[in-house]
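What follows is a single structure, written as structure tokens, with notes after it.
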Amino acid sequence: AIEGHPVLDCESSGYDVIVFPVIDWHFRVQRPQHIAKGLADNGHRVFYFSTTFASGEPGGTILEQIESRVFICQLNIPAPHPVIYERMPSQQQEKWINEALSIFLKSVAAQQIVTIVDHPFWRPAALAIPGAMVVYDCMDDHGGFSNNADEILQSEEQLLWQADLVVTTSAPLSEKINRKRENILIRNAADSEWFSHPPEVLAYSSGRPVVGYFGAISEWFDMDLVIKAAQTYPDYDFVLVGSTFMCDTRKAEKIKNIHFIGEVPYADIKSYLYAFDVCLIPFLLIELIQCTNPVKLYEYLASGKPVVATDMPELRLVKEHAYVSKDAESFIENIQVAMTAKDEPAGIESRKAFALENQWLNRVDKLEEAISDHWPVVSVVVLTYNNLEYTRACLHSLEQYTHYPNLELIIVDNASSDGSREYLADYAKHHENTKVILNEDNLGFSAGNNVGIKEATGKYVVVLNNDTYVTSGWLWGLIRYFRKDNLLGLVGPVTNNIGNEAKIDIQYSNMEEMLDASRKYIQDRSRELLYINTAAFFCVAIRKDVIDEVGLLDEDFGRGFFEDDDYCMRVRKAGYKVAVADDVFVHHHLSASFNKLKDNEKQILFEKNKAIYEAKWGIWEPHRYRQK
């Protein structure tokens, strides 16, 4: 279904965006669609998923191409299908969704991925994408919706902790979320340029003054207030455009000058808006609404129309552009005030100007900036000594599966004699942000890595053996943990072959099988961190400020053994934690260079370095595997 599809041919820059929405694309155009289109305008491919599922074996389908880089998609999973608003997926449904996503993302050749989660139902799916940045766009206080299940709210609690970035839409919501974790406030906005131009034809005309509203008419809509206003002004038409789901309209329907239009397409909204003389935001001041920043405010103002609203915290901030009413009496009075002043040129221009300052493109740029701030420069130091075949494979895996925008690759060769030096010198010529350092002598593991670390300019430094093969999103998978725990100094991945808790029980016979087996392993362990005493330095990420404080690797350990034990001890003595990320897997051939030493030579080196370690720290505690 994907082969030959424009999705593979459309020009894009940067990352791909996966939107896990709260509403379907064509239901009602709101914040999710505007942000999706804005990101596409900035050069990203955007895959906006349906809130419903198709039946069949796990997979995905592109249903529609909205713009050059916006695609509406749907996941296929076996029935029965979950309803995202009612409950979380079952364990089996979660596995199907994850598998469907994996198949779909592979089919569209997605690499660097940012997921935007609009509803907590999608939390497990977003977390299961290896190396994806997870953005929770918290648009509402979900606890304020009467139909939200407890398990949905529990999932949101987890998402608030697990997401890489949390975005909120109003100051009260931001303050509420901030009690649990930091977040960035990005308010709503409007397609103000479009709303500022009148339509060719009006959809409503009666020859009487019109007080109007468009949007959802639900449990938070103060219908009694509108009824009182309509009864106060019998010569005005009160035109209400939108679905009335979960709102009792029976009494209002008996009022002759209240007219319910029903849901209309977004493209037709202006034909009603420009028929209004005064616009309303008559919301009940329940907790849900106290945390709301209404999109319609900006859309109303873009047309230059006066707005009368109840006393919402976010509207108090713009009271010079709207009639914010402290009670029912003042709300009703303000309708008359607004009607009298509706044609004043200064007021019209002021409202339009405010709306033009608050367009979606401004919000999208702020979101992009917040995302980019999460990707500082990371320096990956790869030390090589012969074993050119391993080095080729390692560098190939870095190219294919790192998917990180600010990578600085530093390759240090310890006087190889198998053609590695010539290969690496040529490699650097053809790869940006790559520096190759050719040592004239074999300086050993610690000193060789120190050469690279001294050259590193990144906020984080990764020490990576050349006998490794990384997997999709591995680098961001490690780095994200430093933002979660300020005391985390050093973190490594799980692997197939190592002598401590980082080793897991995993079976495969080639690299293709490894990629599949490791993906399934880490999907079940998303955001799981195991704190340990010693991380093995076949692959380890270290904060640069921790290196500055603790120092470089101890070069007394020569060719190797115990330098990682020593360094981790120094890190822990400085007050930092050492950990293994259970959701990041890196294949390790293990001791490719040491295996070429004779057994007695390795044992002599082991005992010598053990003595150096014990002279510094006391009796060495042997490594152990994790308990099953």
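Every chain in the structure tokens takes a letter, A first, then B, and so on in the order presented; its residues are numbered from 1, and the ligands are numbered from 1 following the presented order.
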Per residue of stretch 446-502 of chain A within 12 Å of stretch 386-402 of chain A, note the shortest atom pair and the distance in Å to one decimal, counting only C-alpha atoms, and order the rows by chain and increasing residue number, as CSV.
```
residue,atom,partner,partner_atom,distance
A:Leu464,CA,A:Cys394,CA,9.3
A:Asn465,CA,A:Cys394,CA,8.4
A:Asn466,CA,A:Thr391,CA,5.1
A:Asp467,CA,A:Tyr390,CA,5.2
A:Thr468,CA,A:Cys394,CA,5.6
A:Tyr469,CA,A:Cys394,CA,5.0
A:Val470,CA,A:Ser397,CA,5.6
A:Thr471,CA,A:Tyr401,CA,5.5
A:Ser472,CA,A:Tyr401,CA,4.3
A:Gly473,CA,A:Thr402,CA,5.3
A:Trp474,CA,A:Thr402,CA,6.1
A:Leu475,CA,A:Thr402,CA,6.0
A:Trp476,CA,A:Thr402,CA,8.0
A:Gly477,CA,A:Thr402,CA,9.7
A:Leu478,CA,A:Thr402,CA,11.2
A:Ile479,CA,A:Thr402,CA,11.9
```
request  = Quick one: everything within 9 Å of A:Phe562, counting only C-alpha atoms, minus sequence neighbours fewer than 5 positions away in the same chain. Send it as a PyMOL selection string.
outcome  = chain A and resi 557+567+606+609-610+612-613
Would you mind listing, for every residue of stretch 367-394 of chain A within 9 Å of stretch 439-461 of chain A, the two atoms forming the shortest contact and the distance between them in Å to one decimal, using only C-alpha atoms, sorted by chain and ascending residue number, as JSON lines?
```
{"residue": "A:Pro376", "atom": "CA", "partner": "A:Lys459", "partner_atom": "CA", "distance": 6.4}
{"residue": "A:Val377", "atom": "CA", "partner": "A:Gly458", "partner_atom": "CA", "distance": 4.5}
{"residue": "A:Val378", "atom": "CA", "partner": "A:Gly458", "partner_atom": "CA", "distance": 4.5}
{"residue": "A:Ser379", "atom": "CA", "partner": "A:Val461", "partner_atom": "CA", "distance": 4.8}
{"residue": "A:Val380", "atom": "CA", "partner": "A:Val461", "partner_atom": "CA", "distance": 5.9}
{"residue": "A:Val381", "atom": "CA", "partner": "A:Gly452", "partner_atom": "CA", "distance": 5.8}
{"residue": "A:Val382", "atom": "CA", "partner": "A:Asn449", "partner_atom": "CA", "distance": 7.7}
{"residue": "A:Leu383", "atom": "CA", "partner": "A:Asn449", "partner_atom": "CA", "distance": 6.2}
{"residue": "A:Thr384", "atom": "CA", "partner": "A:Gly448", "partner_atom": "CA", "distance": 8.7}
{"residue": "A:Tyr385", "atom": "CA", "partner": "A:Asn442", "partner_atom": "CA", "distance": 7.8}
```
DSSP strand (DSSP E) residues within stretch 142-176 of chain A, listed as a PyMOL selection string: chain A and resi 165-168
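Across the model, the gap from atom CA of A:Pro294 to atom CA of A:Ser350 is 18.8 Å.
Comparing A:Glu193, A:Met511, A:Val546, A:Arg28 by their smallest distance to A:Gly242, the closest is A:Arg28 (using only C-alpha atoms).
The coordinates place atom CA of A:Met139 at 24.4 Å from atom CA of A:Lys352.
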12 Å contact set for A:Pro622, only C-alpha atoms, chain neighbours under 4 positions out, as a ChimeraX atom specification | /A:499-501,533-534,562,565,610,614
What's around A:Pro234 at 10 Å? Count only C-alpha atoms, leave out sequence neighbours fewer than 4 positions away in its own chain, and write the answer as JSON, numbers by chain. {"A": [229, 230, 238, 255, 256, 257, 258]}
What does the file look like for those residues with N, CA, C and O atoms, as an mmCIF file, in the first residue's frame?
```cif
data_model
loop_
_atom_site.group_PDB
_atom_site.id
_atom_site.type_symbol
_atom_site.label_atom_id
_atom_site.label_comp_id
_atom_site.auth_asym_id
_atom_site.auth_seq_id
_atom_site.Cartn_x
_atom_site.Cartn_y
_atom_site.Cartn_z
ATOM 1 N N ALA A 229 -29.805 35.626 28.510
ATOM 2 C CA ALA A 229 -29.427 36.713 27.605
ATOM 3 C C ALA A 229 -30.435 36.848 26.468
ATOM 4 O O ALA A 229 -30.832 37.964 26.087
ATOM 5 N N ALA A 230 -30.871 35.717 25.930
ATOM 6 C CA ALA A 230 -31.842 35.742 24.834
ATOM 7 C C ALA A 230 -33.179 36.316 25.295
ATOM 8 O O ALA A 230 -33.853 37.052 24.545
ATOM 9 N N PHE A 238 -29.861 34.793 18.694
ATOM 10 C CA PHE A 238 -28.732 34.083 19.295
ATOM 11 C C PHE A 238 -28.487 32.819 18.462
ATOM 12 O O PHE A 238 -29.298 31.888 18.494
ATOM 13 N N ILE A 255 -36.960 28.648 23.149
ATOM 14 C CA ILE A 255 -36.786 30.098 23.081
ATOM 15 C C ILE A 255 -36.719 30.495 21.604
ATOM 16 O O ILE A 255 -35.841 30.033 20.869
ATOM 17 N N LYS A 256 -37.620 31.352 21.169
ATOM 18 C CA LYS A 256 -37.766 31.637 19.739
ATOM 19 C C LYS A 256 -36.539 32.278 19.109
ATOM 20 O O LYS A 256 -36.278 32.095 17.918
ATOM 21 N N ASN A 257 -35.804 33.081 19.860
ATOM 22 C CA ASN A 257 -34.662 33.772 19.248
ATOM 23 C C ASN A 257 -33.328 33.058 19.482
ATOM 24 O O ASN A 257 -32.259 33.630 19.277
ATOM 25 N N ILE A 258 -33.358 31.797 19.918
ATOM 26 C CA ILE A 258 -32.157 30.953 19.978
ATOM 27 C C ILE A 258 -32.237 29.953 18.819
ATOM 28 O O ILE A 258 -33.212 29.217 18.687
#
```
**Item:** All helix (DSSP H, G or I) residues (DSSP, backbone) inside stretch 534-571 of chain A, as a ChimeraX atom specification
**Value:** /A:544-550,555-557,563-571
Problem - Residues near stretch 81-92 of chain A, cut-off 7 Å, only C-alpha atoms, skip fewer than 5 positions along chain, as an NGL selection string - result: :A and (51 or 53 or 121 or 148-149 or 151-152)
Residues from last step as file, N, CA and C atoms, as a PDB file, in the first residue's frame:
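Result file selection-v6.pdb:
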```pdb
ATOM      1  N   THR A  51      -8.357   8.076  15.143  1.00  0.00           N
ATOM      2  CA  THR A  51      -8.663   7.635  16.512  1.00  0.00           C
ATOM      3  C   THR A  51      -9.332   6.262  16.524  1.00  0.00           C
ATOM      4  N   PHE A  53      -9.608   2.207  14.530  1.00  0.00           N
ATOM      5  CA  PHE A  53      -8.731   1.210  13.932  1.00  0.00           C
ATOM      6  C   PHE A  53      -9.469   0.433  12.848  1.00  0.00           C
ATOM      7  N   PHE A 121      -4.439   7.772  25.999  1.00  0.00           N
ATOM      8  CA  PHE A 121      -4.608   6.421  25.459  1.00  0.00           C
ATOM      9  C   PHE A 121      -3.383   5.991  24.667  1.00  0.00           C
ATOM     10  N   ASN A 148     -14.209  10.633  31.298  1.00  0.00           N
ATOM     11  CA  ASN A 148     -12.870  10.040  31.281  1.00  0.00           C
ATOM     12  C   ASN A 148     -12.761   8.939  32.336  1.00  0.00           C
ATOM     13  N   ALA A 149     -12.322   7.758  31.899  1.00  0.00           N
ATOM     14  CA  ALA A 149     -12.166   6.629  32.809  1.00  0.00           C
ATOM     15  C   ALA A 149     -10.955   6.832  33.716  1.00  0.00           C
ATOM     16  N   GLU A 151      -8.614   4.789  34.410  1.00  0.00           N
ATOM     17  CA  GLU A 151      -7.371   4.267  33.839  1.00  0.00           C
ATOM     18  C   GLU A 151      -6.780   5.235  32.814  1.00  0.00           C
ATOM     19  N   ILE A 152      -7.613   6.048  32.170  1.00  0.00           N
ATOM     20  CA  ILE A 152      -7.105   7.090  31.276  1.00  0.00           C
ATOM     21  C   ILE A 152      -6.363   8.152  32.085  1.00  0.00           C
TER      22      ILE A 152
END
```
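Ranking A:Ala109, A:Leu8, A:Ala579, A:Val226 by their shortest atom-to-atom distance to A:Gly212, with only C-alpha atoms included, puts A:Val226 first.
The shortest atom-to-atom distance to A:Ile177, with only C-alpha atoms taken into account, belongs to A:Cys291 out of A:Cys291, A:Met339, A:Leu285, A:Ala132.
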